[in-house]
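The structure file my_file-v2.txt is reproduced below (compact mmCIF, C-alpha atoms and all ligand atoms).
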# COMPACT_ATOMS: atom_id res chain seq x y z
CA MET K 1 -18.55 -59.86 -29.24
CA GLN K 2 -22.23 -59.02 -29.30
CA THR K 3 -24.26 -61.21 -26.96
CA ASP K 4 -27.53 -62.37 -28.44
CA THR K 5 -29.99 -60.62 -26.13
CA ARG K 6 -32.76 -62.97 -27.27
CA LEU K 7 -31.10 -65.46 -24.95
CA ILE K 8 -32.53 -63.51 -22.05
CA THR K 9 -36.09 -64.56 -22.63
CA PHE K 10 -35.00 -68.06 -23.51
CA LYS K 11 -32.84 -68.62 -20.44
CA ALA K 12 -34.99 -66.66 -18.02
CA LYS K 13 -38.16 -68.62 -18.40
CA GLY K 14 -41.07 -66.97 -16.64
CA ILE K 15 -39.27 -63.68 -16.11
CA ARG K 16 -41.43 -61.01 -17.61
CA THR K 17 -39.37 -57.85 -17.27
CA SER K 18 -35.73 -58.53 -17.73
CA MET K 19 -34.63 -55.39 -19.57
CA SER K 20 -34.10 -51.94 -18.10
CA GLN K 21 -35.37 -48.78 -19.77
CA SER K 22 -31.98 -48.45 -21.46
CA SER K 23 -32.44 -51.96 -22.95
CA LEU K 24 -29.75 -53.46 -20.75
CA PRO K 25 -30.49 -56.58 -18.75
CA LEU K 26 -31.45 -55.93 -15.16
CA SER K 27 -29.26 -57.58 -12.54
CA ILE K 28 -32.14 -58.03 -10.07
CA ILE K 29 -35.74 -58.97 -10.83
CA TRP K 30 -38.42 -59.08 -8.16
CA GLN K 31 -41.73 -60.56 -9.24
CA ASP K 32 -45.13 -61.47 -7.86
CA ASN K 33 -44.25 -60.20 -4.36
CA ARG K 34 -42.15 -63.29 -3.68
CA THR K 35 -39.76 -64.28 -6.43
CA LEU K 36 -36.19 -63.02 -6.64
CA SER K 37 -34.17 -63.73 -9.78
CA LEU K 38 -30.55 -62.66 -10.12
CA LEU K 39 -28.60 -62.37 -13.34
CA ASP K 40 -25.55 -64.60 -12.89
CA GLN K 41 -22.84 -62.05 -13.66
CA THR K 42 -20.08 -64.64 -13.45
CA LEU K 43 -21.31 -66.00 -16.79
CA LEU K 44 -21.21 -62.69 -18.63
CA PRO K 45 -20.56 -61.81 -21.38
CA LEU K 46 -20.95 -65.32 -22.79
CA GLU K 47 -24.32 -66.17 -21.33
CA LEU K 48 -27.28 -64.28 -19.92
CA ARG K 49 -28.84 -66.51 -17.34
CA TYR K 50 -31.11 -65.64 -14.44
CA GLU K 51 -31.24 -67.83 -11.35
CA GLU K 52 -34.36 -67.87 -9.23
CA GLN K 53 -33.28 -67.70 -5.59
CA GLN K 54 -34.93 -70.55 -3.70
CA ASN K 55 -33.70 -69.79 -0.19
CA ILE K 56 -31.53 -67.46 1.87
CA GLU K 57 -28.48 -69.73 1.58
CA GLN K 58 -28.64 -69.38 -2.17
CA VAL K 59 -28.84 -65.58 -1.87
CA TRP K 60 -25.80 -65.61 0.48
CA ASP K 61 -23.92 -67.74 -2.03
CA SER K 62 -24.90 -65.51 -4.98
CA ILE K 63 -23.48 -62.50 -3.12
CA LYS K 64 -20.33 -64.35 -2.00
CA GLN K 65 -19.61 -65.71 -5.47
CA LEU K 66 -20.27 -62.33 -7.13
CA LYS K 67 -23.18 -63.67 -9.17
CA VAL K 68 -24.73 -60.45 -7.96
CA ARG K 69 -22.11 -57.79 -7.25
CA GLY K 70 -21.59 -54.05 -7.05
CA ALA K 71 -22.33 -52.21 -3.80
CA PRO K 72 -25.93 -51.07 -4.45
CA ALA K 73 -26.91 -54.38 -6.08
CA ILE K 74 -25.77 -56.48 -3.13
CA GLY K 75 -27.73 -54.16 -0.82
CA ILE K 76 -30.90 -54.65 -2.85
CA ALA K 77 -30.33 -58.40 -3.19
CA GLY K 78 -29.70 -58.64 0.56
CA ALA K 79 -32.96 -56.84 1.36
CA TYR K 80 -34.94 -59.17 -0.90
CA GLY K 81 -32.92 -62.07 0.50
CA LEU K 82 -34.47 -61.34 3.91
CA VAL K 83 -37.93 -61.56 2.39
CA ILE K 84 -37.02 -64.89 0.78
CA GLY K 85 -35.65 -66.11 4.10
CA MET K 86 -38.64 -64.98 6.13
CA GLN K 87 -41.59 -65.73 3.88
CA ASP K 88 -42.08 -69.24 5.20
CA ASN K 89 -41.96 -68.03 8.80
CA VAL K 90 -45.43 -66.55 9.10
CA GLU K 91 -46.53 -69.02 11.82
CA LEU K 92 -44.03 -67.48 14.26
CA SER K 93 -45.01 -65.01 16.96
CA THR K 94 -43.94 -61.43 16.23
CA ALA K 95 -41.10 -61.69 18.78
CA GLU K 96 -39.87 -64.92 17.22
CA PHE K 97 -40.18 -63.42 13.73
CA LEU K 98 -38.06 -60.39 14.72
CA ALA K 99 -35.42 -62.59 16.37
CA GLU K 100 -35.22 -64.80 13.28
CA LEU K 101 -35.06 -61.73 11.03
CA ARG K 102 -32.08 -60.41 13.02
CA LYS K 103 -30.35 -63.79 12.72
CA GLN K 104 -30.88 -63.95 8.97
CA ALA K 105 -29.68 -60.35 8.48
CA ASP K 106 -26.45 -61.14 10.37
CA TYR K 107 -26.01 -64.22 8.21
CA LEU K 108 -26.45 -62.35 4.92
CA ASN K 109 -24.18 -59.58 6.14
CA SER K 110 -21.36 -62.10 6.56
CA ALA K 111 -21.23 -62.69 2.79
CA ARG K 112 -19.13 -59.62 1.94
CA PRO K 113 -17.73 -57.00 4.35
CA THR K 114 -16.54 -53.97 2.37
CA ALA K 115 -19.56 -52.48 0.58
CA VAL K 116 -21.59 -50.67 3.22
CA ASN K 117 -24.75 -50.99 1.12
CA LEU K 118 -25.24 -54.59 2.25
CA SER K 119 -25.25 -53.87 5.99
CA TRP K 120 -27.08 -50.57 5.39
CA ALA K 121 -29.95 -52.28 3.53
CA LEU K 122 -30.18 -55.18 5.99
CA GLU K 123 -30.25 -52.83 9.00
CA ARG K 124 -32.87 -50.68 7.31
CA VAL K 125 -35.18 -53.67 6.79
CA VAL K 126 -34.61 -55.05 10.31
CA ASN K 127 -35.19 -51.63 11.91
CA LYS K 128 -38.34 -50.99 9.92
CA ALA K 129 -39.82 -54.26 11.17
CA GLY K 130 -38.59 -53.67 14.74
CA GLN K 131 -40.10 -50.18 14.92
CA SER K 132 -43.51 -51.21 13.58
CA ASP K 133 -46.49 -52.04 15.77
CA ALA K 134 -47.50 -54.96 13.54
CA ASP K 135 -49.17 -57.67 15.59
CA THR K 136 -48.71 -60.67 13.31
CA ALA K 137 -45.77 -62.22 11.49
CA GLU K 138 -47.78 -61.89 8.27
CA ALA K 139 -47.94 -58.12 8.80
CA LEU K 140 -44.22 -57.99 9.59
CA LEU K 141 -43.49 -59.89 6.40
CA SER K 142 -45.40 -57.38 4.35
CA ILE K 143 -43.47 -54.53 6.06
CA ILE K 144 -40.08 -56.02 5.20
CA ARG K 145 -41.21 -56.75 1.66
CA HIS K 146 -42.33 -53.18 1.21
CA GLU K 147 -39.03 -51.86 2.62
CA ALA K 148 -37.00 -54.05 0.23
CA GLU K 149 -39.08 -52.78 -2.70
CA LEU K 150 -38.51 -49.19 -1.53
CA ILE K 151 -34.74 -49.70 -1.36
CA HIS K 152 -34.87 -51.06 -4.91
CA GLU K 153 -36.99 -48.20 -6.24
CA GLU K 154 -34.97 -45.54 -4.40
CA ASP K 155 -31.79 -46.89 -5.95
CA ARG K 156 -33.23 -46.17 -9.41
CA GLN K 157 -33.76 -42.55 -8.35
CA LEU K 158 -30.25 -42.29 -6.84
CA CYS K 159 -28.67 -43.55 -10.06
CA ARG K 160 -30.70 -41.12 -12.14
CA GLY K 161 -29.68 -38.23 -9.85
CA ILE K 162 -25.99 -39.15 -10.13
CA GLY K 163 -26.39 -39.24 -13.91
CA GLU K 164 -27.88 -35.77 -14.02
CA HIS K 165 -25.29 -34.22 -11.70
CA GLY K 166 -22.39 -35.96 -13.42
CA LEU K 167 -23.52 -35.14 -16.95
CA PRO K 168 -21.83 -31.68 -17.15
CA LEU K 169 -18.46 -33.40 -16.60
CA ILE K 170 -18.75 -35.27 -19.90
CA LYS K 171 -17.58 -33.08 -22.75
CA GLU K 172 -17.53 -33.67 -26.47
CA GLY K 173 -14.49 -35.68 -27.61
CA MET K 174 -13.34 -36.69 -24.12
CA GLY K 175 -11.58 -39.88 -23.11
CA VAL K 176 -13.02 -41.22 -19.84
CA LEU K 177 -11.33 -43.97 -17.88
CA THR K 178 -13.26 -46.22 -15.52
CA HIS K 179 -12.19 -49.13 -13.35
CA CYS K 180 -14.24 -52.23 -12.44
CA ASN K 181 -17.98 -52.05 -13.11
CA ALA K 182 -20.17 -49.35 -11.60
CA GLY K 183 -22.74 -49.62 -14.36
CA GLY K 184 -26.26 -50.91 -14.71
CA LEU K 185 -25.20 -54.41 -13.69
CA ALA K 186 -23.95 -53.14 -10.31
CA VAL K 187 -27.17 -51.39 -9.33
CA SER K 188 -30.90 -51.33 -10.03
CA GLU K 189 -30.49 -49.56 -13.37
CA ARG K 190 -27.97 -47.36 -15.26
CA GLY K 191 -25.20 -47.43 -12.69
CA THR K 192 -23.38 -44.84 -10.64
CA ALA K 193 -20.08 -44.06 -12.44
CA LEU K 194 -21.60 -45.04 -15.79
CA SER K 195 -24.88 -43.20 -15.29
CA PRO K 196 -23.54 -39.80 -16.53
CA LEU K 197 -22.06 -41.62 -19.52
CA TYR K 198 -25.38 -43.20 -20.48
CA LEU K 199 -27.06 -39.82 -20.19
CA ALA K 200 -24.35 -38.10 -22.26
CA HIS K 201 -24.71 -40.78 -24.92
CA GLU K 202 -28.49 -40.23 -25.00
CA GLN K 203 -27.76 -36.54 -25.56
CA ASN K 204 -25.55 -37.38 -28.55
CA ILE K 205 -22.34 -36.21 -26.87
CA SER K 206 -19.53 -38.27 -28.37
CA PHE K 207 -16.79 -39.51 -26.07
CA LYS K 208 -14.65 -42.57 -25.65
CA VAL K 209 -14.52 -44.79 -22.59
CA TYR K 210 -11.36 -46.70 -21.58
CA ALA K 211 -12.35 -49.65 -19.42
CA ASP K 212 -9.69 -51.18 -17.19
CA GLU K 213 -9.92 -54.95 -17.38
CA THR K 214 -9.87 -55.18 -13.54
CA ARG K 215 -7.86 -58.20 -12.51
CA PRO K 216 -8.43 -60.69 -11.04
CA LEU K 217 -12.17 -61.11 -11.72
CA LEU K 218 -12.31 -58.98 -14.88
CA GLN K 219 -15.39 -56.91 -14.09
CA GLY K 220 -14.09 -54.26 -16.50
CA ALA K 221 -13.68 -56.66 -19.42
CA ARG K 222 -16.64 -58.94 -18.79
CA LEU K 223 -19.15 -56.36 -17.55
CA THR K 224 -18.24 -52.72 -18.25
CA ALA K 225 -16.91 -53.27 -21.77
CA TRP K 226 -19.92 -55.48 -22.46
CA GLU K 227 -22.67 -53.24 -21.11
CA LEU K 228 -21.24 -50.08 -22.71
CA SER K 229 -20.81 -51.74 -26.09
CA GLN K 230 -24.35 -53.17 -25.88
CA ALA K 231 -25.54 -49.59 -25.37
CA GLY K 232 -23.61 -48.41 -28.42
CA ILE K 233 -21.04 -46.42 -26.43
CA ASP K 234 -17.50 -46.25 -27.84
CA VAL K 235 -15.49 -48.34 -25.38
CA THR K 236 -11.88 -49.50 -25.50
CA LEU K 237 -10.66 -52.27 -23.23
CA GLN K 238 -7.21 -52.12 -21.66
CA THR K 239 -5.46 -54.21 -19.05
CA ASP K 240 -4.99 -52.47 -15.72
CA ASN K 241 -1.29 -51.87 -16.30
CA MET K 242 -2.06 -49.90 -19.47
CA ALA K 243 -3.74 -47.02 -17.63
CA ALA K 244 -0.45 -45.14 -17.17
CA TYR K 245 0.35 -45.49 -20.86
CA ALA K 246 -3.12 -44.26 -21.86
CA MET K 247 -2.74 -41.22 -19.59
CA GLN K 248 0.78 -40.47 -20.79
CA GLN K 249 -0.48 -40.61 -24.38
CA GLY K 250 -3.10 -37.98 -23.57
CA LEU K 251 -6.01 -40.34 -24.18
CA ILE K 252 -7.65 -39.75 -20.79
CA ASP K 253 -9.30 -36.46 -19.79
CA LEU K 254 -11.39 -37.71 -16.88
CA VAL K 255 -11.62 -40.67 -14.50
CA ILE K 256 -14.94 -41.76 -12.99
CA VAL K 257 -15.19 -44.78 -10.71
CA GLY K 258 -17.79 -46.14 -8.31
CA THR K 259 -17.29 -46.91 -4.64
CA ASP K 260 -18.18 -49.50 -2.03
CA ARG K 261 -17.92 -47.22 0.98
CA VAL K 262 -17.18 -43.54 1.48
CA ALA K 263 -15.81 -42.74 4.94
CA ALA K 264 -16.82 -39.56 6.78
CA ASN K 265 -13.60 -37.78 5.71
CA GLY K 266 -14.02 -38.61 2.00
CA ASP K 267 -11.66 -41.61 1.79
CA VAL K 268 -13.22 -44.09 -0.65
CA ALA K 269 -13.00 -47.86 -0.88
CA ASN K 270 -13.40 -49.28 -4.36
CA LYS K 271 -12.23 -52.22 -6.43
CA ILE K 272 -8.58 -53.16 -6.06
CA GLY K 273 -6.51 -51.04 -8.43
CA THR K 274 -8.55 -47.87 -7.97
CA LEU K 275 -5.86 -46.38 -5.72
CA GLY K 276 -3.27 -46.85 -8.44
CA VAL K 277 -5.52 -45.13 -10.97
CA ALA K 278 -6.04 -42.19 -8.58
CA ILE K 279 -2.29 -41.80 -8.03
CA LEU K 280 -1.73 -41.86 -11.80
CA ALA K 281 -4.49 -39.33 -12.36
CA LYS K 282 -2.86 -37.01 -9.84
CA HIS K 283 0.50 -37.39 -11.60
CA TYR K 284 -1.00 -36.56 -14.98
CA ASN K 285 -3.28 -33.83 -13.62
CA ILE K 286 -6.45 -35.63 -14.68
CA PRO K 287 -9.63 -35.07 -12.63
CA PHE K 288 -10.55 -38.14 -10.57
CA TYR K 289 -14.25 -38.39 -9.68
CA VAL K 290 -16.05 -40.95 -7.54
CA ALA K 291 -19.77 -41.58 -8.06
CA SER K 292 -21.52 -42.42 -4.81
CA PRO K 293 -25.19 -42.69 -3.93
CA SER K 294 -26.04 -41.64 -0.36
CA SER K 295 -26.54 -45.35 0.44
CA THR K 296 -22.76 -45.81 0.06
CA ILE K 297 -21.76 -42.99 2.43
CA ASP K 298 -20.88 -44.34 5.85
CA LEU K 299 -20.53 -41.55 8.39
CA SER K 300 -19.91 -44.07 11.16
CA THR K 301 -16.61 -44.97 9.51
CA LYS K 302 -14.29 -42.06 10.24
CA THR K 303 -11.52 -42.73 7.72
CA GLY K 304 -10.57 -45.29 5.12
CA ALA K 305 -8.29 -46.99 7.63
CA ASP K 306 -11.43 -48.22 9.44
CA ILE K 307 -12.87 -49.95 6.34
CA GLU K 308 -12.63 -53.73 6.36
CA ILE K 309 -11.11 -54.92 3.11
CA GLU K 310 -12.42 -58.25 1.84
CA GLN K 311 -9.65 -60.78 1.20
CA ARG K 312 -10.59 -63.35 -1.42
CA HIS K 313 -9.43 -66.80 -2.37
CA ALA K 314 -5.93 -67.29 -3.81
CA GLU K 315 -7.30 -69.27 -6.77
CA GLU K 316 -8.70 -66.07 -8.27
CA VAL K 317 -5.13 -64.86 -8.79
CA CYS K 318 -3.55 -68.21 -9.64
CA GLU K 319 -5.86 -68.91 -12.57
CA PHE K 320 -6.79 -67.14 -15.75
CA GLY K 321 -9.71 -68.38 -17.82
CA ALA K 322 -9.90 -71.56 -15.69
CA ARG K 323 -6.27 -72.31 -16.54
CA ARG K 324 -3.63 -72.35 -13.81
CA THR K 325 -1.08 -69.58 -14.34
CA ALA K 326 0.95 -69.76 -11.12
CA PRO K 327 3.09 -72.36 -9.37
CA GLU K 328 1.35 -74.67 -6.92
CA ASN K 329 1.39 -73.53 -3.27
CA ILE K 330 2.47 -70.00 -4.11
CA SER K 331 1.64 -67.29 -1.54
CA VAL K 332 -0.95 -64.88 -2.88
CA LEU K 333 -2.18 -61.43 -1.94
CA ASN K 334 -5.79 -60.97 -3.03
CA PRO K 335 -7.53 -57.96 -1.45
CA ALA K 336 -10.77 -57.26 -3.34
CA PHE K 337 -10.69 -53.50 -2.65
CA ASP K 338 -8.34 -50.68 -1.81
CA VAL K 339 -8.83 -47.26 -0.25
CA THR K 340 -8.17 -44.04 -2.13
CA PRO K 341 -7.42 -41.18 0.27
CA ALA K 342 -9.68 -38.14 0.00
CA GLU K 343 -6.77 -35.92 -1.10
CA LEU K 344 -6.65 -37.77 -4.43
CA VAL K 345 -10.37 -37.30 -5.11
CA THR K 346 -11.38 -34.30 -7.21
CA GLY K 347 -15.07 -34.68 -6.48
CA ILE K 348 -17.76 -37.08 -5.27
CA ILE K 349 -20.82 -37.21 -7.51
CA THR K 350 -23.91 -37.86 -5.39
CA GLU K 351 -27.60 -37.81 -6.30
CA LYS K 352 -27.78 -34.39 -4.65
CA GLY K 353 -24.84 -32.78 -6.44
CA ILE K 354 -21.05 -32.92 -6.74
CA LEU K 355 -19.07 -32.57 -3.53
CA HIS K 356 -15.62 -30.99 -3.55
CA PRO K 357 -12.90 -31.16 -0.88
CA PRO K 358 -12.91 -30.89 2.03
CA PHE K 359 -15.65 -33.50 1.96
CA ALA K 360 -16.75 -33.92 5.60
CA GLU K 361 -19.51 -31.33 5.67
CA GLY K 362 -20.87 -32.12 2.21
CA LEU K 363 -20.94 -35.84 3.01
CA GLN K 364 -22.96 -35.18 6.17
CA GLN K 365 -25.52 -33.25 4.15
CA ALA K 366 -25.56 -35.78 1.32
CA ALA K 367 -26.12 -38.64 3.75
CA SER K 368 -28.96 -36.96 5.64
O1 LIG K 401 -16.27 -56.99 -6.20
P1 LIG K 401 -17.32 -56.18 -6.89
O2 LIG K 401 -17.46 -56.51 -8.34
O3 LIG K 401 -18.64 -56.20 -6.15
O4 LIG K 401 -16.77 -54.67 -6.81
C1 LIG K 401 -17.57 -53.64 -7.30
C2 LIG K 401 -16.94 -52.31 -7.24
O5 LIG K 401 -15.86 -52.12 -6.73
C3 LIG K 401 -17.78 -51.16 -7.73
O6 LIG K 401 -16.97 -50.16 -8.28
C4 LIG K 401 -18.59 -50.58 -6.56
O7 LIG K 401 -19.27 -51.58 -5.89
C5 LIG K 401 -19.57 -49.56 -7.03
S1 LIG K 401 -20.91 -50.26 -7.94
C6 LIG K 401 -21.98 -49.00 -8.32
Can I see the file as structure tokens?
Amino acid sequence: MQTDTRLITFKAKGIRTSMSQSSLPLSIIWQDNRTLSLLDQTLLPLELRYEEQQNIEQVWDSIKQLKVRGAPAIGIAGAYGLVIGMQDNVELSTAEFLAELRKQADYLNSARPTAVNLSWALERVVNKAGQSDADTAEALLSIIRHEAELIHEEDRQLCRGIGEHGLPLIKEGMGVLTHCNAGGLAVSERGTALSPLYLAHEQNISFKVYADETRPLLQGARLTAWELSQAGIDVTLQTDNMAAYAMQQGLIDLVIVGTDRVAANGDVANKIGTLGVAILAKHYNIPFYVASPSSTIDLSTKTGADIEIEQRHAEEVCEFGARRTAPENISVLNPAFDVTPAELVTGIITEKGILHPPFAEGLQQAAS
């Protein structure tokens, strides 16, 4: 189904720049130094609707409900969320402003635990304000606004860098499997795992993408299959349990996925089901790459065992398309992420280059 992109201007009244350079809708729009609009990704691919964020509670809710999702995107949204939360606090003293900023950062950070980008971006904004010698709340506000804008702009550069370093992996005629959505919708622009694919497509390399549907919230079907097809990339949708079949049939030459947190030893957390794909790739001798900007590397987390895995509501598993598909009161397991051990990872594509095992040293350099 092709979404009518004209809807964007119709639904997003007052939003001037809603398309990225690659003509895909942006997930996050910051305007006039004070207005944050988020593309409601829960409505895709049926409707493109931006929601202007009126207050910090709304930003928290947008992150929690996955209206904005993907590790880098929730970091950027969180940073702007602090500006939204603090912009009516300019009558405070600087000490009161900093205390309130800390409180609001802790609040936003409680929305989702696994992607390190959220806490990373919030800490970066809070620290920038705390280390400044600004003597008014107004000045502190402009510091946090500037830092949020920097995080947003830097993410564009990180995604471009990952695209350039990942490009040589994409060869003519390949089948590339991806899981969940680590594309333009999950970041500022272009994506992490999908960034090399967009670049390869621009360079007229022909390849085929197999997008795992990604139960239970269908980021692969609703977002990845949609954004790639909008860009004119050859994409085939499959349910998650078809990945083994596709590999056995020789359709897959390469796997690239995104990540929510890379531990210091190279273990990677990503969307639930990624671990299964990595184990399959190992079995079929298919290279398994993880695309990670430096903002997703967390050297303070030693191994994947230390990563908190978000557990989500049972209803997500008990329903399909708003229709109940499970018995009432059934017990449900619904972890949103799993951890792929470093030994299953062929390489980590960062904005500075591709890291190969053992990852510890390379990750330290990439994160610095
Ligand atoms: O629950 P989500 O949709 O936020 O999960 C997203 C993923 O797992 C992505 O692969 C990851 O955040 C990388 S996005 C560049």
List the spatial neighbours of stretch 275-279 of chain K as a PyMOL selection string - criterion: any atom at most 10 Å away, only C-alpha atoms, same-chain residues fewer than 4 positions off excluded.
chain K and resi 177-179+212+240-241+243-244+247+255-257+268-271+283-289+337-341+343-346
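Using all atoms listed in the file for every distance, the candidate list K:Ser229, K:Thr214, K:Gln248, K:Thr325 yields K:Thr214 as the residue closest to ligand LIG 401 (chain K).
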Using only C-alpha atoms and all ligand atoms, what are the residues with an atom within 8 Å of ligand LIG 401 (chain K), set out as a ChimeraX atom specification?
/K:66,68-74,115,179-184,186-187,191-193,217,219,257-260,269-272,291-292,336-337
Extract, using only C-alpha atoms, all DNA, RNA and protein residues at most 8 Å from K:Gly81, discarding same-chain residues fewer than 3 positions from it, and format them as a VMD selection string.
chain K and resid 36 55 to 56 59 to 60 77 to 78 84 to 85 108
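Distances here use only C-alpha atoms; by that measure, the residue among K:Asn204, K:Ile63, K:Val235, K:Glu91 closest to K:Asn109 is K:Ile63.
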